[in-house]
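Raw contents of run_15.txt, compact mmCIF, C-alpha atoms:
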# COMPACT_ATOMS: atom_id res chain seq x y z
CA MET A 1245 -14.42 24.55 -138.35
CA ALA A 1246 -12.44 22.46 -140.81
CA ARG A 1247 -12.45 18.72 -140.38
CA TYR A 1248 -10.20 15.98 -141.74
CA TYR A 1249 -11.20 12.71 -143.36
CA SER A 1250 -9.49 9.73 -144.93
CA VAL A 1251 -10.65 7.89 -148.03
CA GLU A 1252 -8.90 4.76 -149.12
CA PHE A 1253 -8.90 1.74 -151.41
CA GLU A 1254 -7.20 -1.57 -150.91
CA ASN A 1255 -6.17 -4.20 -153.44
CA ILE A 1256 -7.79 -2.91 -156.58
CA THR A 1257 -6.57 -4.03 -159.98
CA ALA A 1258 -5.68 -1.26 -162.36
CA PRO A 1259 -5.95 -2.35 -165.98
CA ALA A 1260 -3.36 -1.53 -168.58
CA ALA A 1261 -5.20 1.72 -169.17
CA ASP A 1262 -6.05 4.95 -167.38
CA ILE A 1263 -7.73 4.74 -163.98
CA ASP A 1264 -9.07 7.35 -161.56
CA PHE A 1265 -7.83 6.26 -158.16
CA PHE A 1266 -9.94 8.90 -156.42
CA GLU A 1267 -12.82 11.05 -157.63
CA LEU A 1268 -13.89 13.76 -155.19
CA ALA A 1269 -17.05 15.88 -155.27
CA ALA A 1270 -17.38 18.77 -152.84
CA ALA A 1271 -20.66 19.50 -151.08
CA ASP A 1272 -22.49 22.80 -151.31
CA ASP A 1273 -20.59 25.55 -149.46
CA LYS A 1274 -18.08 23.04 -148.12
CA PRO A 1275 -14.84 23.31 -150.13
CA ILE A 1276 -12.24 20.60 -149.73
CA GLU A 1277 -8.52 20.27 -150.23
CA ILE A 1278 -6.12 17.33 -150.52
CA VAL A 1279 -3.84 17.30 -147.50
CA TYR A 1280 -1.86 14.13 -148.02
CA GLY A 1281 -1.84 11.12 -150.31
CA VAL A 1282 -0.13 7.75 -150.68
CA ILE A 1283 -0.55 5.09 -153.35
CA GLY A 1284 1.48 1.96 -153.93
CA GLN A 1285 1.39 -1.36 -155.75
CA PHE A 1286 2.37 -4.81 -154.55
CA THR A 1287 2.42 -7.08 -157.61
CA ASP A 1288 5.25 -5.93 -159.86
CA MET A 1289 8.36 -6.16 -157.76
CA GLY A 1290 12.02 -6.41 -158.70
CA GLU A 1291 14.05 -4.30 -161.05
CA ALA A 1292 12.86 -6.02 -164.21
CA GLU A 1293 9.27 -4.97 -163.48
CA GLU A 1294 9.95 -1.41 -162.49
CA GLU A 1295 8.18 1.27 -164.45
CA GLY A 1296 7.30 4.92 -164.28
CA LEU A 1297 3.69 5.73 -163.38
CA PRO A 1298 2.31 9.10 -164.53
CA MET A 1299 0.15 10.64 -161.79
CA THR A 1300 -2.09 13.65 -162.19
CA ILE A 1301 -4.49 15.65 -160.06
CA THR A 1302 -7.14 17.31 -162.21
CA ARG A 1303 -10.04 19.59 -161.31
CA ASN A 1304 -13.17 20.87 -163.02
CA ILE A 1305 -14.39 17.70 -164.69
CA THR A 1306 -18.15 17.37 -165.00
CA ALA A 1307 -19.02 13.73 -165.80
CA SER A 1308 -18.34 11.19 -163.11
CA GLY A 1309 -16.46 8.02 -164.03
CA SER A 1310 -17.62 4.48 -163.42
CA GLY A 1311 -16.42 0.95 -162.85
CA GLY A 1312 -15.13 1.56 -159.35
CA SER A 1313 -16.91 1.94 -156.04
CA VAL A 1314 -18.04 4.51 -153.52
CA VAL A 1315 -16.12 4.87 -150.27
CA THR A 1316 -17.36 6.65 -147.18
CA PRO A 1317 -14.98 9.34 -145.90
CA ARG A 1318 -13.88 8.48 -142.36
CA PRO A 1319 -13.30 11.32 -139.90
CA LEU A 1320 -9.76 11.17 -138.53
CA ASN A 1321 -11.21 12.28 -135.22
CA PRO A 1322 -14.09 9.93 -134.35
CA ASN A 1323 -15.88 12.81 -132.64
CA ASP A 1324 -16.26 14.68 -135.92
CA ALA A 1325 -19.43 14.60 -138.00
CA ALA A 1326 -19.80 12.77 -141.28
CA ALA A 1327 -18.26 14.42 -144.31
CA GLY A 1328 -20.25 16.40 -146.82
CA PHE A 1329 -18.06 15.52 -149.80
CA THR A 1330 -18.30 12.21 -151.62
CA CYS A 1331 -15.66 9.96 -153.08
CA GLU A 1332 -15.42 7.20 -155.66
CA VAL A 1333 -12.36 5.01 -156.04
CA GLY A 1334 -10.96 2.85 -158.80
CA ASN A 1335 -13.01 4.13 -161.71
CA THR A 1336 -11.76 2.41 -164.85
CA THR A 1337 -14.04 4.51 -167.02
CA THR A 1338 -12.50 7.80 -166.12
CA ALA A 1339 -14.26 11.07 -165.41
CA SER A 1340 -14.67 13.32 -168.42
CA GLY A 1341 -16.10 16.54 -169.76
CA GLY A 1342 -15.93 20.03 -168.37
CA SER A 1343 -12.83 22.20 -168.56
CA PRO A 1344 -10.16 20.05 -166.92
CA GLU A 1345 -7.39 21.85 -165.07
CA ILE A 1346 -4.33 19.77 -164.26
CA LEU A 1347 -3.10 20.95 -160.87
CA HIS A 1348 -0.34 18.45 -160.34
CA ALA A 1349 1.59 16.04 -162.56
CA GLU A 1350 4.53 13.81 -161.78
CA VAL A 1351 5.92 10.39 -162.58
CA ILE A 1352 6.56 7.93 -159.76
CA TYR A 1353 8.59 4.77 -159.59
CA SER A 1354 6.25 1.80 -159.32
CA ARG A 1355 8.47 0.11 -156.71
CA ILE A 1356 8.45 3.15 -154.44
CA GLY A 1357 4.96 4.54 -154.79
CA TRP A 1358 3.39 7.98 -154.49
CA PHE A 1359 3.92 10.14 -151.43
CA TYR A 1360 2.22 13.48 -151.77
CA LEU A 1361 2.47 16.01 -148.97
CA PRO A 1362 2.27 19.54 -150.35
CA PRO A 1363 2.81 22.57 -148.11
CA ALA A 1364 -0.49 23.79 -146.66
CA GLU A 1365 -0.71 26.74 -149.04
CA ALA A 1366 -0.10 24.48 -152.07
CA ARG A 1367 -2.88 21.96 -151.48
CA PRO A 1368 -5.25 21.37 -154.43
CA LYS A 1369 -8.65 22.81 -153.57
CA LEU A 1370 -12.12 22.08 -154.86
CA SER A 1371 -15.43 23.82 -154.38
CA GLN A 1372 -18.78 22.65 -155.65
CA ALA A 1373 -18.54 25.09 -158.56
CA GLU A 1374 -15.47 23.28 -159.89
CA ASN A 1375 -17.33 19.97 -160.18
CA LEU A 1376 -15.02 16.95 -159.71
CA MET A 1377 -11.38 16.53 -158.78
CA ILE A 1378 -9.60 13.30 -159.65
CA VAL A 1379 -6.31 11.65 -158.73
CA SER A 1380 -5.41 9.53 -161.73
CA LEU A 1381 -2.94 7.22 -163.33
CA SER A 1382 -2.92 8.84 -166.75
CA PRO A 1383 -1.85 8.41 -169.50
CA TRP A 1384 -1.22 4.74 -168.82
CA ALA A 1385 -0.76 1.73 -171.09
CA GLY A 1386 1.67 -0.37 -169.04
CA ASP A 1387 1.10 -3.53 -167.03
CA ALA A 1388 -1.94 -4.23 -164.91
CA LEU A 1389 -1.12 -3.56 -161.25
CA SER A 1390 -2.67 -4.31 -157.86
CA LEU A 1391 -2.72 -1.19 -155.75
CA SER A 1392 -3.81 0.41 -152.51
CA GLY A 1393 -3.91 4.03 -151.49
CA THR A 1394 -5.19 6.71 -149.14
CA LEU A 1395 -6.01 10.40 -149.28
CA VAL A 1396 -6.50 12.73 -146.34
CA VAL A 1397 -8.99 15.46 -147.23
CA LYS A 1398 -9.73 18.66 -145.36
CA GLU A 1399 -13.31 19.91 -145.53
CA TYR A 1400 -14.25 23.46 -144.58
CA MET B 876 -1.10 17.98 -121.06
CA ALA B 877 -0.60 15.60 -123.95
CA GLN B 878 2.35 13.26 -123.69
CA TYR B 879 4.23 11.18 -126.25
CA TYR B 880 5.19 7.51 -126.10
CA VAL B 881 6.87 4.92 -128.28
CA VAL B 882 5.82 1.31 -128.76
CA GLU B 883 7.96 -1.07 -130.76
CA PHE B 884 8.89 -4.60 -131.75
CA GLU B 885 12.31 -5.81 -132.81
CA GLY B 886 13.63 -8.90 -134.56
CA VAL B 887 10.27 -10.61 -134.92
CA SER B 888 9.92 -13.41 -137.48
CA VAL B 889 6.83 -12.58 -139.53
CA SER B 890 5.38 -15.37 -141.63
CA LEU B 891 1.65 -14.70 -141.18
CA ALA B 892 -0.78 -11.85 -141.61
CA GLN B 893 -1.02 -10.06 -138.29
CA ASP B 894 -1.66 -6.91 -136.34
CA PHE B 895 1.77 -5.38 -136.01
CA PHE B 896 0.32 -3.03 -133.40
CA GLU B 897 -2.96 -3.07 -131.48
CA LEU B 898 -3.61 0.03 -129.39
CA THR B 899 -6.27 0.34 -126.68
CA PRO B 900 -6.96 3.89 -125.47
CA ALA B 901 -7.67 4.52 -121.79
CA ASP B 902 -10.80 6.13 -120.39
CA ASP B 903 -11.03 9.82 -121.36
CA ARG B 904 -7.56 9.76 -122.86
CA PRO B 905 -7.76 9.71 -126.67
CA ILE B 906 -4.65 8.77 -128.57
CA GLU B 907 -3.32 9.62 -132.01
CA ILE B 908 -0.65 8.00 -134.17
CA VAL B 909 2.09 10.56 -134.64
CA SER B 910 4.50 8.54 -136.74
CA GLY B 911 5.41 4.98 -137.65
CA GLU B 912 8.15 2.94 -139.27
CA ILE B 913 8.25 -0.78 -140.10
CA GLY B 914 10.96 -2.64 -141.97
CA GLN B 915 12.63 -5.99 -142.47
CA TYR B 916 16.29 -6.99 -142.60
CA SER B 917 16.37 -10.60 -143.80
CA ASP B 918 15.27 -10.54 -147.45
CA MET B 919 17.49 -8.18 -149.33
CA GLY B 920 18.33 -8.07 -153.00
CA ASP B 921 16.21 -7.76 -156.06
CA ALA B 922 15.00 -11.36 -156.26
CA GLU B 923 13.59 -11.27 -152.71
CA GLU B 924 11.68 -8.04 -153.01
CA GLU B 925 7.95 -8.13 -152.35
CA GLY B 926 5.05 -5.80 -151.72
CA LEU B 927 3.48 -5.88 -148.24
CA ARG B 928 -0.11 -4.69 -147.80
CA LEU B 929 -0.67 -2.49 -144.76
CA ARG B 930 -3.89 -1.06 -143.36
CA ILE B 931 -4.77 1.04 -140.31
CA ILE B 932 -8.20 0.10 -138.92
CA ARG B 933 -10.15 1.74 -136.12
CA GLY B 934 -13.13 0.42 -134.21
CA HIS B 935 -12.55 -3.22 -133.41
CA THR B 936 -13.65 -4.20 -129.92
CA THR B 937 -12.21 -7.69 -129.48
CA SER B 938 -8.48 -7.86 -128.92
CA GLY B 939 -6.33 -10.24 -130.94
CA SER B 940 -3.89 -12.78 -129.59
CA GLY B 941 -0.76 -14.70 -130.34
CA GLY B 942 1.67 -11.84 -129.93
CA SER B 943 3.00 -10.02 -126.90
CA THR B 944 2.66 -6.77 -124.99
CA SER B 945 4.77 -3.69 -125.59
CA THR B 946 4.90 -1.26 -122.67
CA PRO B 947 4.63 2.30 -124.00
CA ARG B 948 7.83 4.18 -123.22
CA PRO B 949 7.59 7.91 -122.59
CA LEU B 950 9.76 9.87 -125.00
CA ASN B 951 10.47 12.27 -122.16
CA PRO B 952 11.56 10.29 -119.11
CA ASN B 953 9.81 12.83 -116.89
CA TYR B 954 6.40 11.88 -118.26
CA GLY B 955 4.07 9.62 -116.31
CA ALA B 956 3.21 6.11 -117.45
CA ALA B 957 0.88 5.86 -120.42
CA GLY B 958 -2.78 5.09 -119.94
CA PHE B 959 -3.18 3.26 -123.24
CA THR B 960 -1.95 -0.27 -123.80
CA CYS B 961 -0.33 -1.94 -126.77
CA GLU B 962 -0.04 -5.47 -128.09
CA ILE B 963 2.29 -6.39 -130.91
CA ASN B 964 2.43 -9.11 -133.57
CA ASN B 965 -0.95 -10.65 -132.87
CA THR B 966 -1.43 -13.38 -135.46
CA THR B 967 -5.04 -13.80 -134.41
CA ILE B 968 -6.15 -10.36 -135.45
CA ALA B 969 -8.51 -8.01 -133.62
CA SER B 970 -12.14 -8.42 -134.56
CA ALA B 971 -15.77 -7.40 -133.97
CA GLY B 972 -17.05 -3.89 -133.43
CA SER B 973 -17.73 -1.29 -136.10
CA ALA B 974 -14.33 -1.30 -137.72
CA VAL B 975 -13.54 1.28 -140.36
CA ASN B 976 -10.59 1.38 -142.71
CA MET B 977 -8.61 4.53 -142.11
CA TRP B 978 -5.47 4.07 -144.15
CA SER B 979 -4.20 1.65 -146.78
CA VAL B 980 -0.92 1.48 -148.59
CA PRO B 981 1.43 -1.30 -149.61
CA PHE B 982 5.14 -0.92 -149.05
CA ASN B 983 8.18 -2.34 -150.74
CA SER B 984 9.91 -4.84 -148.46
CA ARG B 985 13.29 -3.35 -149.32
CA ILE B 986 12.21 0.16 -148.45
CA GLY B 987 9.89 -0.22 -145.49
CA TRP B 988 6.93 1.79 -144.24
CA PHE B 989 7.35 5.39 -143.21
CA TYR B 990 4.30 7.16 -141.83
CA ASN B 991 4.62 10.75 -140.76
CA PRO B 992 1.37 12.65 -141.30
CA VAL B 993 1.11 16.36 -140.64
CA PRO B 994 -0.42 16.94 -137.18
CA GLU B 995 -3.90 17.70 -138.45
CA ALA B 996 -3.92 14.46 -140.49
CA ARG B 997 -3.28 12.08 -137.63
CA ILE B 998 -5.72 9.29 -136.88
CA VAL B 999 -7.41 9.58 -133.47
CA ALA B 1000 -9.00 6.84 -131.36
CA ASN B 1001 -11.15 7.00 -128.24
CA GLN B 1002 -11.75 4.53 -125.46
CA ALA B 1003 -13.54 1.29 -126.38
CA SER B 1004 -12.21 1.51 -129.91
CA LEU B 1005 -9.08 -0.41 -130.77
CA ILE B 1006 -6.81 0.85 -133.48
CA VAL B 1007 -4.59 -1.61 -135.31
CA VAL B 1008 -1.77 -1.42 -137.84
CA ARG B 1009 -2.36 -4.60 -139.84
CA LEU B 1010 -0.36 -6.65 -142.30
CA LEU B 1011 -3.19 -7.90 -144.51
CA ALA B 1012 -1.47 -10.86 -146.16
CA ALA B 1013 1.39 -13.16 -145.25
CA PRO B 1014 4.73 -12.38 -146.81
CA THR B 1015 5.95 -14.75 -149.51
CA ASP B 1016 8.46 -16.10 -147.02
CA ALA B 1017 9.23 -15.32 -143.41
CA LEU B 1018 10.73 -11.91 -142.77
CA SER B 1019 12.66 -10.64 -139.77
CA MET B 1020 11.00 -7.37 -138.94
CA SER B 1021 11.14 -4.43 -136.54
CA GLY B 1022 8.91 -1.43 -136.14
CA SER B 1023 7.93 1.54 -133.99
CA LEU B 1024 5.01 3.86 -133.48
CA VAL B 1025 5.01 7.18 -131.67
CA ILE B 1026 1.70 7.83 -129.92
CA LYS B 1027 0.33 11.05 -128.51
CA GLU B 1028 -1.94 10.58 -125.52
CA HIS B 1029 -4.25 13.39 -124.45
As a first step, turn the structure in this file into structure tokens.
Amino acid sequence: MARYYSVEFENITAPAADIDFFELAAADDKPIEIVYGVIGQFTDMGEAEEEGLPMTITRNITASGSGGSVVTPRPLNPNDAAAGFTCEVGNTTTASGGSPEILHAEVIYSRIGWFYLPPAEARPKLSQAENLMIVSLSPWAGDALSLSGTLVVKEY
Amino acid sequence: MAQYYVVEFEGVSVSLAQDFFELTPADDRPIEIVSGEIGQYSDMGDAEEEGLRLRIIRGHTTSGSGGSTSTPRPLNPNYGAAGFTCEINNTTIASAGSAVNMWSVPFNSRIGWFYNPVPEARIVANQASLIVVRLLAAPTDALSMSGSLVIKEH
């Protein structure tokens, strides 16, 4: 039976360079998919500081990033078991290698944030064979920002 | 049969970090957050805009204080009274227990917070486990705020 988990980060500083907000690795025989995501920033407010943030979701990367931290997926239903997949957040050395497949790309207004709720059949999926999936700010060379965000992940 | 309720606050001056909502499930009646909205109506215009840091946390066991109680209102007037309870605007925040961070996102003060997860992505809480919607840091200056949550009780 599929289960649902949240992973989140709060008040991380993104440098004026690319950052992987989330890096997901599926467990053996337990594919995952991104159900829902939100990311926002709280330091650059007002029209003069508004900018466009390029967001991508990319799959099939082999080398994990670094510079961030590990977060434990939390079951949305407290009666559910611990997740099999793992997650890192805020990697400032971004994941690399493999045969990256960009599954989603858009540009968001920094003062509004990212609200991602694809239809169920359009959710990005990842199995262990496809290595890592990342949600990234890339390519980015704008201001440093303080951000928070959450993903809801379905695990089969 | 599951029933749906609304809890809300209106016209509250917010100058401190606080738990906008603190929900306490009843025995054998888990609850889930169906939707939520929070906004302010006092600081408008570009120069007054700020980012407000919000987090949903589950698992505290000690209730906060300093706010008030909001009686859950059934969305269908034919429903019975809710089993869960709700406090609002506690400036002494809930504490203790094995709290876990379930959701984090900042929101623009001129836009507000809109939370409407798909049904399978709702956060659930059982008895003996508070769930709070928390403003993590004080606003730059006091804001007049209102907000609502819709709660499903099993």
Per-residue nearest contacts of chain A to chain B (7 Å; all atoms listed in the file) as a Markdown table:
| residue | atom | partner | partner_atom | distance |
| --- | --- | --- | --- | --- |
| A:Tyr1248 | CA | B:Ala996 | CA | 6.6 |
| A:Ser1250 | CA | B:Met977 | CA | 6.0 |
| A:Glu1252 | CA | B:Trp978 | CA | 6.1 |
| A:Phe1253 | CA | B:Ser979 | CA | 6.6 |
| A:Glu1254 | CA | B:Ser979 | CA | 6.0 |
| A:Val1282 | CA | B:Val980 | CA | 6.7 |
| A:Ile1283 | CA | B:Val980 | CA | 6.0 |
| A:Gly1284 | CA | B:Pro981 | CA | 5.4 |
| A:Gln1285 | CA | B:Pro981 | CA | 6.1 |
| A:Phe1286 | CA | B:Gly926 | CA | 4.0 |
| A:Thr1287 | CA | B:Gly926 | CA | 6.6 |
| A:Met1289 | CA | B:Glu925 | CA | 5.8 |
| A:Gly1290 | CA | B:Asp921 | CA | 5.1 |
| A:Glu1291 | CA | B:Asp921 | CA | 6.4 |
| A:Arg1318 | CA | B:Met977 | CA | 6.6 |
| A:Leu1320 | CA | B:Ile998 | CA | 4.8 |
| A:Asn1321 | CA | B:Val999 | CA | 5.0 |
| A:Pro1322 | CA | B:Ala1000 | CA | 6.7 |
| A:Arg1355 | CA | B:Asn983 | CA | 6.5 |
| A:Ile1356 | CA | B:Asn983 | CA | 6.6 |
| A:Ser1392 | CA | B:Val980 | CA | 5.0 |
| A:Gly1393 | CA | B:Val980 | CA | 4.9 |
| A:Thr1394 | CA | B:Trp978 | CA | 5.7 |
| A:Val1396 | CA | B:Ala996 | CA | 6.6 |
- Task: Tell me which protein, DNA and RNA residues are within 10 Å of region 880-886 of chain B, counting all atoms listed in the file, leaving out same-chain ones fewer than 3 positions away, and put them as a PyMOL selection string.
- Result: chain B and resi 889+895-896+898+908-917+943-952+954+956-957+959-964+1018-1028
- What does the distance from CA of Gln1002 (chain B) to CA of Gly942 (chain B) come to in Å, to one decimal?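 Between CA of Gln1002 (chain B) and CA of Gly942 (chain B) the gap is 21.6 Å.
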- Message: Could you tell me how far CA of Glu1267 (chain A) sits from CA of Gly1312 (chain A), in Å to one decimal place?
- Response: 9.9 Å
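Here CA of Ala1012 (chain B) and CA of Gly1311 (chain A) stand 25.3 Å from one another.
Closest approach to Glu897 (chain B) among B:Gln878, B:Asn965, B:Asn953, B:Thr1015: B:Asn965, based on all atoms listed in the file.
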- Taking into account all atoms listed in the file, which residue in the set B:Leu1010, B:Ala1017, B:Ala971, B:Ala1003 is nearest to Thr899 (chain B)?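 Looking only at the distances to Thr899 (chain B), the closest residue turns out to be B:Ala1003.
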- Query: Between A:Ala1364, A:Leu1389, A:Ala1246, A:Leu1268, which has the minimum distance to Asn1304 (chain A) (counting all atoms listed in the file)?
  - Reply: A:Leu1268
Could you add the missing atoms to region 883-896 of chain B, up to N, CA, C and O atoms, and return them as a PDB file, in the coordinates of the input?
ATOM      1  N   GLU B 883       7.113  -0.499-129.716  1.00  0.00           N
ATOM      2  CA  GLU B 883       7.960  -1.070-130.760  1.00  0.00           C
ATOM      3  C   GLU B 883       8.071  -2.576-130.651  1.00  0.00           C
ATOM      4  O   GLU B 883       7.750  -3.168-129.623  1.00  0.00           O
ATOM      5  N   PHE B 884       8.486  -3.191-131.759  1.00  0.00           N
ATOM      6  CA  PHE B 884       8.890  -4.600-131.750  1.00  0.00           C
ATOM      7  C   PHE B 884      10.194  -4.698-132.524  1.00  0.00           C
ATOM      8  O   PHE B 884      10.473  -3.883-133.405  1.00  0.00           O
ATOM      9  N   GLU B 885      10.977  -5.726-132.194  1.00  0.00           N
ATOM     10  CA  GLU B 885      12.310  -5.810-132.810  1.00  0.00           C
ATOM     11  C   GLU B 885      12.664  -7.263-133.053  1.00  0.00           C
ATOM     12  O   GLU B 885      12.498  -8.107-132.170  1.00  0.00           O
ATOM     13  N   GLY B 886      13.137  -7.562-134.247  1.00  0.00           N
ATOM     14  CA  GLY B 886      13.630  -8.900-134.560  1.00  0.00           C
ATOM     15  C   GLY B 886      12.564  -9.977-134.495  1.00  0.00           C
ATOM     16  O   GLY B 886      12.830 -11.089-134.046  1.00  0.00           O
ATOM     17  N   VAL B 887      11.375  -9.656-134.956  1.00  0.00           N
ATOM     18  CA  VAL B 887      10.270 -10.610-134.920  1.00  0.00           C
ATOM     19  C   VAL B 887      10.167 -11.326-136.281  1.00  0.00           C
ATOM     20  O   VAL B 887      10.161 -10.673-137.325  1.00  0.00           O
ATOM     21  N   SER B 888      10.099 -12.648-136.253  1.00  0.00           N
ATOM     22  CA  SER B 888       9.920 -13.410-137.480  1.00  0.00           C
ATOM     23  C   SER B 888       8.450 -13.338-137.896  1.00  0.00           C
ATOM     24  O   SER B 888       7.566 -13.771-137.150  1.00  0.00           O
ATOM     25  N   VAL B 889       8.202 -12.791-139.051  1.00  0.00           N
ATOM     26  CA  VAL B 889       6.830 -12.580-139.530  1.00  0.00           C
ATOM     27  C   VAL B 889       6.588 -13.495-140.737  1.00  0.00           C
ATOM     28  O   VAL B 889       7.202 -13.322-141.794  1.00  0.00           O
ATOM     29  N   SER B 890       5.711 -14.459-140.536  1.00  0.00           N
ATOM     30  CA  SER B 890       5.380 -15.370-141.630  1.00  0.00           C
ATOM     31  C   SER B 890       3.878 -15.412-141.891  1.00  0.00           C
ATOM     32  O   SER B 890       3.425 -16.099-142.808  1.00  0.00           O
ATOM     33  N   LEU B 891       3.107 -14.695-141.072  1.00  0.00           N
ATOM     34  CA  LEU B 891       1.650 -14.700-141.180  1.00  0.00           C
ATOM     35  C   LEU B 891       1.123 -13.267-141.222  1.00  0.00           C
ATOM     36  O   LEU B 891       1.769 -12.344-140.724  1.00  0.00           O
ATOM     37  N   ALA B 892      -0.084 -13.117-141.778  1.00  0.00           N
ATOM     38  CA  ALA B 892      -0.780 -11.850-141.610  1.00  0.00           C
ATOM     39  C   ALA B 892      -0.962 -11.595-140.120  1.00  0.00           C
ATOM     40  O   ALA B 892      -1.108 -12.534-139.332  1.00  0.00           O
ATOM     41  N   GLN B 893      -0.942 -10.344-139.726  1.00  0.00           N
ATOM     42  CA  GLN B 893      -1.020 -10.060-138.290  1.00  0.00           C
ATOM     43  C   GLN B 893      -1.279  -8.578-138.040  1.00  0.00           C
ATOM     44  O   GLN B 893      -1.144  -7.749-138.933  1.00  0.00           O
ATOM     45  N   ASP B 894      -1.607  -8.288-136.788  1.00  0.00           N
ATOM     46  CA  ASP B 894      -1.660  -6.910-136.340  1.00  0.00           C
ATOM     47  C   ASP B 894      -0.281  -6.565-135.768  1.00  0.00           C
ATOM     48  O   ASP B 894       0.079  -7.018-134.675  1.00  0.00           O
ATOM     49  N   PHE B 895       0.463  -5.793-136.518  1.00  0.00           N
ATOM     50  CA  PHE B 895       1.770  -5.380-136.010  1.00  0.00           C
ATOM     51  C   PHE B 895       1.604  -4.669-134.665  1.00  0.00           C
ATOM     52  O   PHE B 895       2.360  -4.896-133.732  1.00  0.00           O
ATOM     53  N   PHE B 896       0.611  -3.773-134.627  1.00  0.00           N
ATOM     54  CA  PHE B 896       0.320  -3.030-133.400  1.00  0.00           C
ATOM     55  C   PHE B 896      -1.183  -3.044-133.148  1.00  0.00           C
ATOM     56  O   PHE B 896      -1.962  -2.895-134.088  1.00  0.00           O
TER      57      PHE B 896
END
